[in-house]
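Colleague: So here's target-v9.txt, just compact mmCIF, C-alpha atoms (C1' of nucleotides):
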# COMPACT_ATOMS: atom_id res chain seq x y z
CA MET U 14 141.25 79.40 110.43
CA ALA U 15 144.62 81.00 109.66
CA ARG U 16 144.76 83.28 106.67
CA THR U 17 147.45 82.71 104.11
CA GLN U 18 149.48 85.83 103.62
CA GLY U 19 148.58 87.52 100.38
CA SER U 20 145.40 85.54 100.13
CA LYS U 21 142.63 87.35 98.40
CA ALA U 22 139.87 85.11 99.71
CA VAL U 23 138.75 87.70 102.19
CA ILE U 24 138.31 90.22 99.42
CA THR U 25 137.14 88.22 96.44
CA GLY U 26 134.34 86.53 98.34
CA PRO U 27 132.52 89.77 99.14
CA LEU U 28 133.28 91.09 95.67
CA VAL U 29 131.48 88.15 94.13
CA ARG U 30 128.47 88.76 96.33
CA ASP U 31 128.50 92.48 95.56
CA ALA U 32 128.68 91.88 91.82
CA ALA U 33 125.93 89.27 91.93
CA ARG U 34 123.67 91.47 94.05
CA SER U 35 124.14 94.42 91.76
CA LEU U 36 123.64 92.50 88.53
CA PHE U 37 120.73 90.41 89.79
CA ALA U 38 118.99 93.56 90.97
CA ARG U 39 119.53 95.37 87.70
CA HIS U 40 118.73 92.64 85.18
CA GLY U 41 117.08 89.85 87.13
CA TYR U 42 118.53 86.53 88.26
CA SER U 43 117.86 84.54 85.10
CA ALA U 44 119.08 87.26 82.81
CA VAL U 45 122.51 87.36 84.45
CA SER U 46 125.20 84.87 83.52
CA MET U 47 128.06 83.66 85.67
CA ARG U 48 130.34 85.16 83.01
CA GLN U 49 128.89 88.60 83.59
CA ILE U 50 129.43 88.28 87.31
CA ALA U 51 132.99 87.12 86.77
CA ALA U 52 133.67 90.01 84.42
CA GLN U 53 132.39 92.52 86.96
CA VAL U 54 134.61 91.01 89.66
CA GLY U 55 137.58 90.87 87.30
CA VAL U 56 138.15 87.11 87.36
CA GLN U 57 137.44 84.18 85.08
CA VAL U 58 134.27 82.15 85.38
CA GLY U 59 135.82 79.10 86.97
CA THR U 60 137.02 81.21 89.88
CA LEU U 61 133.48 81.94 91.00
CA TYR U 62 132.98 78.31 91.89
CA ALA U 63 135.57 78.63 94.63
CA TYR U 64 133.11 80.94 96.38
CA THR U 65 129.74 79.40 95.65
CA PRO U 66 128.66 75.86 94.80
CA ASP U 67 126.39 77.23 92.08
CA LYS U 68 124.40 80.20 90.87
CA GLN U 69 121.31 79.31 92.85
CA ALA U 70 123.22 79.27 96.14
CA LEU U 71 124.57 82.70 95.32
CA LEU U 72 121.05 84.10 95.10
CA ALA U 73 119.80 82.20 98.14
CA ASP U 74 122.73 83.41 100.25
CA LEU U 75 122.11 87.01 99.25
CA LEU U 76 118.43 86.86 100.15
CA ARG U 77 118.94 84.89 103.34
CA GLY U 78 121.74 87.20 104.43
CA HIS U 79 119.66 90.28 103.81
CA MET U 80 116.62 89.00 105.66
CA GLN U 81 118.73 87.88 108.60
CA ASP U 82 120.44 91.27 108.73
CA LEU U 83 117.04 92.94 108.76
CA LEU U 84 115.66 90.76 111.51
CA ALA U 85 118.82 91.16 113.61
CA ALA U 86 118.89 94.94 113.21
CA TRP U 87 115.24 95.58 113.99
CA GLN U 88 114.79 96.50 117.65
CA ASP U 89 111.26 96.78 118.92
CA ASP U 90 110.10 97.71 122.41
CA PRO U 91 106.62 96.43 123.19
CA ALA U 92 106.46 98.76 126.17
CA ARG U 93 106.40 101.90 124.03
CA PRO U 94 103.21 103.39 122.55
CA ALA U 95 102.26 101.64 119.32
CA LEU U 96 102.41 104.83 117.27
CA GLU U 97 106.02 105.39 118.29
CA ARG U 98 106.86 101.81 117.46
CA LEU U 99 105.20 102.20 114.08
CA HIS U 100 107.19 105.34 113.41
CA SER U 101 110.40 103.48 114.28
CA PHE U 102 109.47 100.66 111.93
CA LEU U 103 108.81 103.12 109.14
CA ARG U 104 112.16 104.84 109.71
CA PHE U 105 113.91 101.51 109.80
CA HIS U 106 112.30 100.22 106.63
CA ILE U 107 112.90 103.39 104.64
CA ALA U 108 116.46 103.74 105.89
CA THR U 109 117.16 100.19 104.74
CA SER U 110 115.50 100.80 101.38
CA ILE U 111 117.71 103.81 100.83
CA GLU U 112 120.96 102.39 102.16
CA ARG U 113 120.71 98.96 100.58
CA PRO U 114 118.29 99.34 97.69
CA GLU U 115 119.64 96.40 95.73
CA ALA U 116 119.21 93.92 98.55
CA VAL U 117 115.72 95.19 99.31
CA PHE U 118 114.72 95.12 95.66
CA LEU U 119 116.12 91.62 95.15
CA SER U 120 114.42 90.26 98.23
CA TYR U 121 110.98 91.03 96.98
CA MET U 122 111.55 90.49 93.27
CA GLU U 123 113.47 87.25 93.10
CA LEU U 124 111.72 84.98 95.55
CA ARG U 125 110.33 83.17 92.53
CA SER U 126 113.80 82.40 91.21
CA LEU U 127 114.59 80.27 94.24
CA THR U 128 114.24 76.52 94.34
CA PRO U 129 111.21 75.43 96.38
CA GLU U 130 113.33 74.57 99.39
CA ASN U 131 115.20 77.87 99.39
CA ARG U 132 111.99 79.74 98.80
CA ARG U 133 110.28 78.16 101.78
CA GLN U 134 113.18 79.06 103.99
CA ILE U 135 113.40 82.67 102.93
CA ALA U 136 109.64 83.15 102.82
CA THR U 137 109.67 82.19 106.49
CA LEU U 138 112.15 84.94 107.30
CA ARG U 139 110.09 87.36 105.28
CA ARG U 140 106.95 86.42 107.16
CA ARG U 141 108.73 87.06 110.42
CA TYR U 142 109.53 90.56 109.21
CA GLU U 143 105.91 91.17 108.23
CA GLU U 144 104.86 89.96 111.65
CA ALA U 145 107.06 92.59 113.25
CA LEU U 146 104.80 95.16 111.64
CA GLU U 147 101.58 93.27 112.25
CA THR U 148 102.41 93.02 115.95
CA ILE U 149 102.69 96.77 116.19
CA LEU U 150 99.41 97.33 114.39
CA ALA U 151 97.69 94.84 116.70
CA ALA U 152 99.06 96.70 119.70
CA GLY U 153 97.78 99.97 118.30
CA VAL U 154 94.30 98.55 117.88
CA ALA U 155 94.37 97.11 121.40
CA GLU U 156 95.50 100.48 122.73
CA GLY U 157 92.75 102.23 120.84
CA THR U 158 95.23 104.55 119.12
CA MET U 159 94.79 102.91 115.73
CA HIS U 160 91.71 101.95 113.77
CA ILE U 161 92.37 99.21 111.27
CA PRO U 162 89.76 97.35 109.25
CA ASP U 163 91.82 94.17 108.72
CA LEU U 164 95.16 93.48 110.38
CA ARG U 165 96.58 91.17 107.75
CA LEU U 166 95.62 93.34 104.79
CA ALA U 167 96.79 96.51 106.46
CA THR U 168 100.15 94.86 107.06
CA MET U 169 100.47 93.78 103.43
CA ALA U 170 99.31 97.17 102.20
CA LEU U 171 101.77 99.11 104.35
CA ILE U 172 104.69 96.83 103.49
CA ALA U 173 103.93 97.17 99.78
CA MET U 174 103.66 100.92 100.11
CA LEU U 175 106.96 101.25 101.96
CA THR U 176 108.85 98.82 99.76
CA GLY U 177 107.80 100.84 96.74
CA VAL U 178 110.35 103.42 97.81
CA VAL U 179 113.13 101.46 96.10
CA ASN U 180 111.36 101.94 92.78
CA TRP U 181 111.76 105.69 92.66
CA TYR U 182 114.19 106.90 95.33
CA ARG U 183 117.48 108.21 93.94
CA ASP U 184 120.35 109.68 95.94
CA GLY U 185 120.58 113.39 95.34
CA GLY U 186 117.00 113.51 94.12
CA ARG U 187 114.26 115.97 95.06
CA LEU U 188 113.78 114.58 98.57
CA ASP U 189 116.28 113.38 101.15
CA GLN U 190 115.70 110.47 103.49
CA GLU U 191 114.37 112.61 106.31
CA ARG U 192 111.73 114.24 104.13
CA VAL U 193 110.69 110.92 102.64
CA VAL U 194 110.18 109.54 106.14
CA ALA U 195 108.15 112.59 107.14
CA ILE U 196 105.89 112.32 104.11
CA TYR U 197 105.35 108.59 104.44
CA TRP U 198 104.69 109.00 108.13
CA GLU U 199 101.84 111.34 107.40
CA LEU U 200 100.37 108.86 104.90
CA VAL U 201 100.82 105.89 107.20
CA ARG U 202 99.46 107.65 110.26
CA GLY U 203 96.34 108.49 108.30
CA ALA U 204 96.01 104.97 106.93
CA VAL U 205 96.02 103.42 110.41
CA GLY U 206 93.39 105.89 111.54
CA ALA U 207 95.53 107.74 114.06
CA MET K 5 91.04 90.32 55.36
CA ALA K 6 89.16 87.11 54.53
CA ARG K 7 89.68 84.21 56.84
CA THR K 8 90.58 80.87 55.36
CA GLN K 9 88.10 78.26 56.39
CA GLY K 10 89.60 75.98 58.98
CA SER K 11 92.34 78.45 59.69
CA LYS K 12 93.51 78.40 63.26
CA ALA K 13 95.19 81.79 63.09
CA VAL K 14 92.38 83.39 65.04
CA ILE K 15 92.82 80.90 67.81
CA THR K 16 96.54 80.17 67.95
CA GLY K 17 97.54 83.81 68.09
CA PRO K 18 95.74 84.48 71.36
CA LEU K 19 96.88 81.13 72.72
CA VAL K 20 100.48 82.13 72.20
CA ARG K 21 99.91 85.38 74.02
CA ASP K 22 98.09 83.62 76.85
CA ALA K 23 100.83 81.07 77.29
CA ALA K 24 103.54 83.70 77.21
CA ARG K 25 101.70 85.91 79.69
CA SER K 26 101.17 83.06 82.07
CA LEU K 27 104.71 81.72 81.90
CA PHE K 28 106.40 85.13 81.98
CA ALA K 29 104.35 86.04 85.04
CA ARG K 30 105.16 82.82 86.83
CA HIS K 31 108.85 82.44 86.08
CA GLY K 32 110.01 85.75 84.68
CA TYR K 33 110.75 86.68 81.08
CA SER K 34 114.37 85.54 80.94
CA ALA K 35 113.65 82.27 82.67
CA VAL K 36 111.09 81.22 80.06
CA SER K 37 112.16 79.65 76.77
CA MET K 38 110.33 79.77 73.48
CA ARG K 39 110.23 75.98 73.70
CA GLN K 40 108.29 76.18 76.96
CA ILE K 41 105.79 78.57 75.44
CA ALA K 42 105.36 76.31 72.42
CA ALA K 43 104.81 73.30 74.66
CA GLN K 44 102.11 75.10 76.63
CA VAL K 45 100.34 76.09 73.41
CA GLY K 46 100.72 72.61 72.02
CA VAL K 47 102.75 73.46 68.93
CA GLN K 48 106.40 73.23 67.91
CA VAL K 49 108.83 76.10 68.41
CA GLY K 50 109.01 77.20 64.81
CA THR K 51 105.28 77.85 64.78
CA LEU K 52 105.60 80.65 67.32
CA TYR K 53 107.50 82.75 64.83
CA ALA K 54 104.41 82.94 62.64
CA TYR K 55 102.86 85.01 65.43
CA THR K 56 105.71 87.09 66.73
CA PRO K 57 108.95 88.31 65.15
CA ASP K 58 110.83 87.38 68.32
CA LYS K 59 110.58 86.83 72.05
CA GLN K 60 111.10 90.49 72.94
CA ALA K 61 108.18 91.60 70.77
CA LEU K 62 106.00 89.06 72.55
CA LEU K 63 106.72 90.70 75.90
CA ALA K 64 106.42 94.23 74.57
CA ASP K 65 103.07 93.47 72.95
CA LEU K 66 101.72 92.01 76.17
CA LEU K 67 102.74 95.02 78.24
CA ARG K 68 101.66 97.58 75.68
CA GLY K 69 98.33 95.84 75.19
CA HIS K 70 97.67 95.73 78.90
CA MET K 71 98.52 99.37 79.49
CA GLN K 72 96.41 100.45 76.54
CA ASP K 73 93.48 98.39 77.79
CA LEU K 74 93.83 100.01 81.19
CA LEU K 75 93.94 103.52 79.83
CA ALA K 76 91.02 102.89 77.49
CA ALA K 77 88.88 101.34 80.23
CA TRP K 78 89.47 103.99 82.86
CA GLN K 79 86.68 106.55 82.84
CA ASP K 80 87.12 109.60 85.02
CA ASP K 81 84.71 112.48 85.51
CA PRO K 82 86.45 115.67 86.68
CA ALA K 83 83.09 117.12 87.63
CA ARG K 84 82.55 114.63 90.46
CA PRO K 85 83.88 115.11 93.98
CA ALA K 86 87.49 114.00 94.24
CA LEU K 87 86.77 111.43 96.94
CA GLU K 88 84.26 109.69 94.69
CA ARG K 89 86.72 109.72 91.84
CA LEU K 90 89.38 108.25 94.10
CA HIS K 91 87.02 105.52 95.17
CA SER K 92 86.31 104.70 91.54
CA PHE K 93 90.00 104.54 90.78
CA LEU K 94 90.57 102.19 93.68
CA ARG K 95 87.71 99.92 92.56
CA PHE K 96 89.05 99.96 89.03
CA HIS K 97 92.61 99.15 90.01
CA ILE K 98 91.67 96.35 92.39
CA ALA K 99 89.16 94.87 89.95
CA THR K 100 91.86 94.76 87.30
CA SER K 101 94.37 93.24 89.72
CA ILE K 102 91.92 90.48 90.54
CA GLU K 103 90.60 89.83 87.05
CA ARG K 104 93.91 89.97 85.20
CA PRO K 105 96.56 89.36 87.83
CA GLU K 106 99.15 88.06 85.38
CA ALA K 107 99.03 91.13 83.15
CA VAL K 108 99.18 93.46 86.15
CA PHE K 109 102.04 91.54 87.71
CA LEU K 110 103.99 91.43 84.45
CA SER K 111 103.52 95.10 83.79
CA TYR K 112 105.27 96.18 86.91
CA MET K 113 107.83 93.37 87.12
CA GLU K 114 109.17 93.09 83.62
CA LEU K 115 109.71 96.65 82.49
CA ARG K 116 113.41 95.99 82.93
CA SER K 117 113.34 93.10 80.47
CA LEU K 118 112.35 95.42 77.64
CA THR K 119 114.78 96.91 75.18
CA PRO K 120 115.37 100.63 75.84
CA GLU K 121 113.06 101.66 73.05
CA ASN K 122 110.20 99.43 74.17
CA ARG K 123 110.76 100.44 77.77
CA ARG K 124 110.50 104.12 76.98
CA GLN K 125 107.28 103.57 75.14
CA ILE K 126 105.61 101.51 77.84
CA ALA K 127 106.94 103.66 80.66
CA THR K 128 105.12 106.54 79.00
CA LEU K 129 101.83 104.65 79.12
CA ARG K 130 102.50 103.74 82.72
CA ARG K 131 103.15 107.36 83.62
CA ARG K 132 99.86 108.32 82.06
CA TYR K 133 98.14 105.83 84.32
CA GLU K 134 99.89 107.23 87.38
CA GLU K 135 98.84 110.70 86.32
CA ALA K 136 95.21 109.59 86.31
CA LEU K 137 95.59 109.06 90.03
CA GLU K 138 97.71 112.13 90.65
CA THR K 139 95.10 114.30 88.95
CA ILE K 140 92.45 113.07 91.36
CA LEU K 141 94.64 113.71 94.39
CA ALA K 142 95.41 117.22 93.14
CA ALA K 143 91.70 117.88 92.75
CA GLY K 144 91.07 116.66 96.27
CA VAL K 145 93.70 118.99 97.66
CA ALA K 146 92.26 121.90 95.67
CA GLU K 147 88.79 121.05 96.95
CA GLY K 148 90.06 120.90 100.49
CA THR K 149 88.70 117.37 100.96
CA MET K 150 92.16 115.77 101.00
CA HIS K 151 95.32 116.66 102.86
CA ILE K 152 98.42 115.33 101.16
CA PRO K 153 102.00 116.17 102.09
CA ASP K 154 103.50 115.51 98.63
CA LEU K 155 101.47 114.79 95.51
CA ARG K 156 104.06 112.78 93.65
CA LEU K 157 105.02 110.62 96.61
CA ALA K 158 101.45 110.03 97.63
CA THR K 159 100.72 108.86 94.09
CA MET K 160 103.64 106.44 94.08
CA ALA K 161 102.79 105.22 97.57
CA LEU K 162 99.14 104.54 96.74
CA ILE K 163 99.94 102.83 93.45
CA ALA K 164 102.47 100.59 95.18
CA MET K 165 100.00 99.79 97.92
CA LEU K 166 97.23 98.90 95.48
CA THR K 167 99.42 96.94 93.10
CA GLY K 168 100.57 94.84 96.04
CA VAL K 169 97.18 93.13 95.89
CA VAL K 170 98.39 90.81 93.12
CA ASN K 171 101.01 89.43 95.51
CA TRP K 172 98.57 87.87 97.94
CA TYR K 173 95.04 87.82 96.48
CA ARG K 174 93.77 84.35 95.62
CA ASP K 175 90.36 83.49 94.24
CA GLY K 176 88.31 81.71 96.86
CA GLY K 177 90.50 83.07 99.63
CA ARG K 178 89.46 84.69 102.91
CA LEU K 179 88.22 87.91 101.31
CA ASP K 180 86.25 88.53 98.14
CA GLN K 181 86.79 91.48 95.84
CA GLU K 182 84.13 93.63 97.48
CA ARG K 183 85.61 93.24 100.93
CA VAL K 184 89.12 93.91 99.68
CA VAL K 185 87.90 97.15 98.12
CA ALA K 186 86.16 98.15 101.33
CA ILE K 187 89.26 97.54 103.45
CA TYR K 188 91.61 99.31 101.08
CA TRP K 189 89.20 102.20 100.80
CA GLU K 190 89.39 102.74 104.53
CA LEU K 191 93.19 102.69 104.42
CA VAL K 192 93.38 104.99 101.42
CA ARG K 193 90.82 107.44 102.72
CA GLY K 194 92.85 107.78 105.89
CA ALA K 195 96.12 108.16 103.99
CA VAL K 196 94.80 111.09 101.97
CA GLY K 197 93.60 112.76 105.13
CA ALA K 198 89.88 112.59 104.36
C1' DG F 2 143.50 81.25 94.40
C1' DT F 3 143.06 81.65 89.75
C1' DC F 4 143.46 80.23 85.07
C1' DT F 5 142.40 77.63 80.61
C1' DA F 6 139.90 74.29 78.35
C1' DT F 7 136.06 71.68 77.75
C1' DA F 8 131.92 68.95 78.45
C1' DA F 9 126.93 68.69 78.08
C1' DA F 10 122.80 70.96 77.71
C1' DG F 11 119.72 74.43 76.29
C1' DG F 12 118.92 78.94 74.24
C1' DG F 13 116.80 81.96 70.01
C1' DA F 14 115.91 81.90 65.49
C1' DT F 15 115.55 80.27 60.44
C1' DA F 16 114.82 77.23 56.17
C1' DG F 17 112.23 74.41 53.71
C1' DA F 18 108.98 70.49 53.37
C1' DC F 19 104.20 69.46 53.62
C1' DG E 5 99.60 77.06 59.45
C1' DT E 6 102.49 73.82 61.24
C1' DC E 7 106.34 70.65 61.51
C1' DT E 8 111.12 68.90 61.30
C1' DA E 9 115.70 69.73 61.20
C1' DT E 10 119.37 72.48 62.01
C1' DC E 11 122.59 76.48 62.71
C1' DC E 12 125.12 78.90 65.86
C1' DC E 13 125.67 80.74 70.15
C1' DT E 14 125.55 80.93 75.20
C1' DT E 15 124.74 78.70 79.36
C1' DT E 16 126.27 76.23 83.88
C1' DA E 17 129.55 73.62 85.79
C1' DT E 18 133.84 70.73 86.17
C1' DA E 19 138.82 69.12 85.61
C1' DG E 20 143.29 69.87 85.88
C1' DA E 21 147.41 72.95 85.16
C1' DC E 22 150.02 76.50 87.46
Please lay out the structure from this file as structure tokens.
Modeller:
Amino acid sequence: MARTQGSKAVITGPLVRDAARSLFARHGYSAVSMRQIAAQVGVQVGTLYAYTPDKQALLADLLRGHMQDLLAAWQDDPARPALERLHSFLRFHIATSIERPEAVFLSYMELRSLTPENRRQIATLRRRYEEALETILAAGVAEGTMHIPDLRLATMALIAMLTGVVNWYRDGGRLDQERVVAIYWELVRGAVGA
Amino acid sequence: MARTQGSKAVITGPLVRDAARSLFARHGYSAVSMRQIAAQVGVQVGTLYAYTPDKQALLADLLRGHMQDLLAAWQDDPARPALERLHSFLRFHIATSIERPEAVFLSYMELRSLTPENRRQIATLRRRYEEALETILAAGVAEGTMHIPDLRLATMALIAMLTGVVNWYRDGGRLDQERVVAIYWELVRGAVGA
DNA sequence: GTCTATAAAGGGATAGAC
DNA sequence: GTCTATCCCTTTATAGAC
């Protein structure tokens, strides 16, 4: 589709998403009004509806987009040793948590703000992400390099532990990304009995 | 204070808190209206204001009450071996997560819905709870029975991991409380290098 | 593409009767 | 202790001008 010269569609669209992501993450979906989003973008409320059919779609698009990005970016290699794969997963998850904290935070906090249909859809993507980890743990057990009492629980426990990073990590804080990864790797390696 | 015969104050008060806790946990503070709470209790909206000055105080009281209950119920004995103390903490935290899932869920999800003053106050209680765990980990390191790369991070990681239980545990599900504790204990013991 | 204006509904909170 | 009625404000979303 040709772009009208001087059109701001290509810029306002992302701005709306950015503002929504930031405000939803900070205050929660229900606590944020379309007026607040508009104010942050620098437009009037009515304008938002040129970019989203409604508020709910705005949230659903953010979560779906994030989960799809995650799944597309994650590269696993079943041929490698399970411990190496686990280390890669940990790096990947923490890197994402640090680079896109708002999207990560939103994706696990605001599932309940979705309509049932949207929630089903995004919960499916989320489950696929959890399965990426569970697959690695299963491989480790099969290899004999990991000792895990319950695959499903270990997966949930590790995901919860890793996702917690968004609750305290701050740029310029005591620890940089590399050190956080190193510390979590030691904890995770121990947890999986390696 | 004498109780008027036939007074329902002693019953309606708790009912309001129960309804608010349940609805806030399910839908989020901002998404719940005073009218919804009243409907769940079985009274009209105006009645709620005989039991709380406003909606914000209702949330703050729930969170403060829960954190105070937690801190009052937790019994630690610095004389015992650190690993035993850690096991007790794990049992305590998981038992609470299973017995009062709504309060636990609320307390880590809705801190951001508090006014700054309320948030400060409850964050302080929360930090005291985290310190209960951190103290045990420090003792384990001093004893030489635990090997932990970073005390603060390990504390945050373990709390996040344990609190995640409320996200998937269901009564009558695949695992009962005892088995959940056993599985998490294996994971945690490994994570702390024991 | 963005604005203004407005409709229609629902929000928190209070007053006063019973 | 509870209800009814109401105030006043904000909400989402739409229509139509520019």
Colleague: Using only C-alpha atoms (C1' of nucleotides), tabulate the residues of chain K lying at most 12 Å from any atom of chain F, each with its closest atom pair and that distance in Å to one decimal, by chain and increasing residue number, as a tab-separated table.
Modeller:
residue	atom	partner	partner_atom	distance
K:Ser34	CA	F:DG12	C1'	10.4
K:Ala35	CA	F:DG12	C1'	10.5
K:Val36	CA	F:DG12	C1'	10.0
K:Ser37	CA	F:DG12	C1'	7.3
K:Met38	CA	F:DG13	C1'	7.7
K:Arg39	CA	F:DG12	C1'	9.2
K:Gln40	CA	F:DG12	C1'	11.3
K:Val49	CA	F:DA14	C1'	9.6
K:Gly50	CA	F:DA14	C1'	8.4
K:Thr51	CA	F:DA14	C1'	11.4
K:Leu52	CA	F:DA14	C1'	10.5
K:Tyr53	CA	F:DA14	C1'	8.5
K:Ala54	CA	F:DT15	C1'	11.7
K:Thr56	CA	F:DA14	C1'	11.5
K:Pro57	CA	F:DA14	C1'	9.5
K:Asp58	CA	F:DA14	C1'	8.0
K:Lys59	CA	F:DG13	C1'	8.2
K:Gln60	CA	F:DG13	C1'	10.7
Colleague: Could you name the residues that touch Leu76 of chain U at 10 Å or less, counting only C-alpha atoms (C1' of nucleotides), but leaving out those on the same chain fewer than 4 positions away, as a list in words?
Modeller: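 Result of the neighbour search: Arg34, Ala70, Leu71, Leu72, Met80, Gln81, Asp82, Ala116, Val117, Leu119, Ser120, Tyr121, Glu123, Leu124, Leu127, Asn131, Arg132, Ile135, Ala136, Leu138 and Arg139 of chain U.
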Colleague: Do me a favour and pick out the residues of chain U within 10 Å of chain K, using only C-alpha atoms, as a count of residues only.
Modeller: 47
Colleague: Check which residues of chain E sit at most 10 Å from chain K using all atoms listed in the file, and return one row each with the closest pair of atoms and their distance in Å to one decimal, ordered by chain and rising number, as CSV.
Modeller:
residue,atom,partner,partner_atom,distance
E:DG5,C1',K:Lys12,CA,7.3
E:DT6,C1',K:Thr51,CA,6.0
E:DC7,C1',K:Gln48,CA,6.9
E:DT8,C1',K:Gln48,CA,9.2
Colleague: I'd like to know which of U:Leu84, U:Val54, U:Ala108, U:Ala33 is closest to Glu191 of chain U, using only C-alpha atoms.
Modeller: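 The shortest atom-to-atom distance to Glu191 of chain U comes from U:Ala108.
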Colleague: Would you compute the distance between atom CA of Ile24 of chain U and atom C1' of DT15 of chain E? Give it in Å to one decimal.
Modeller: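 Atom-to-atom, atom CA of Ile24 of chain U to atom C1' of DT15 of chain E, that is 26.8 Å.
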Colleague: Quick check, in Å to one decimal: how far apart do atom CA of Gly185 of chain U and atom CA of Val145 of chain K lie?
Modeller: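 Interatomic distance here is 27.6 Å.
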Colleague: Just the number, please: distance in Å from atom CA of Gly153 of chain U to atom CA of Pro91 of chain U, one decimal.
Modeller: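 It comes out at 10.7 Å.
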Colleague: Hey, can I get the axis-aligned box for segment 13-16 of chain F? All listed atoms, 4 Å padding on each side, centre and edge lengths in Å to one decimal, as AutoDock Vina command-line options.
Modeller:
--center_x 115.8 --center_y 79.6 --center_z 63.1 --size_x 10.0 --size_y 12.7 --size_z 21.8
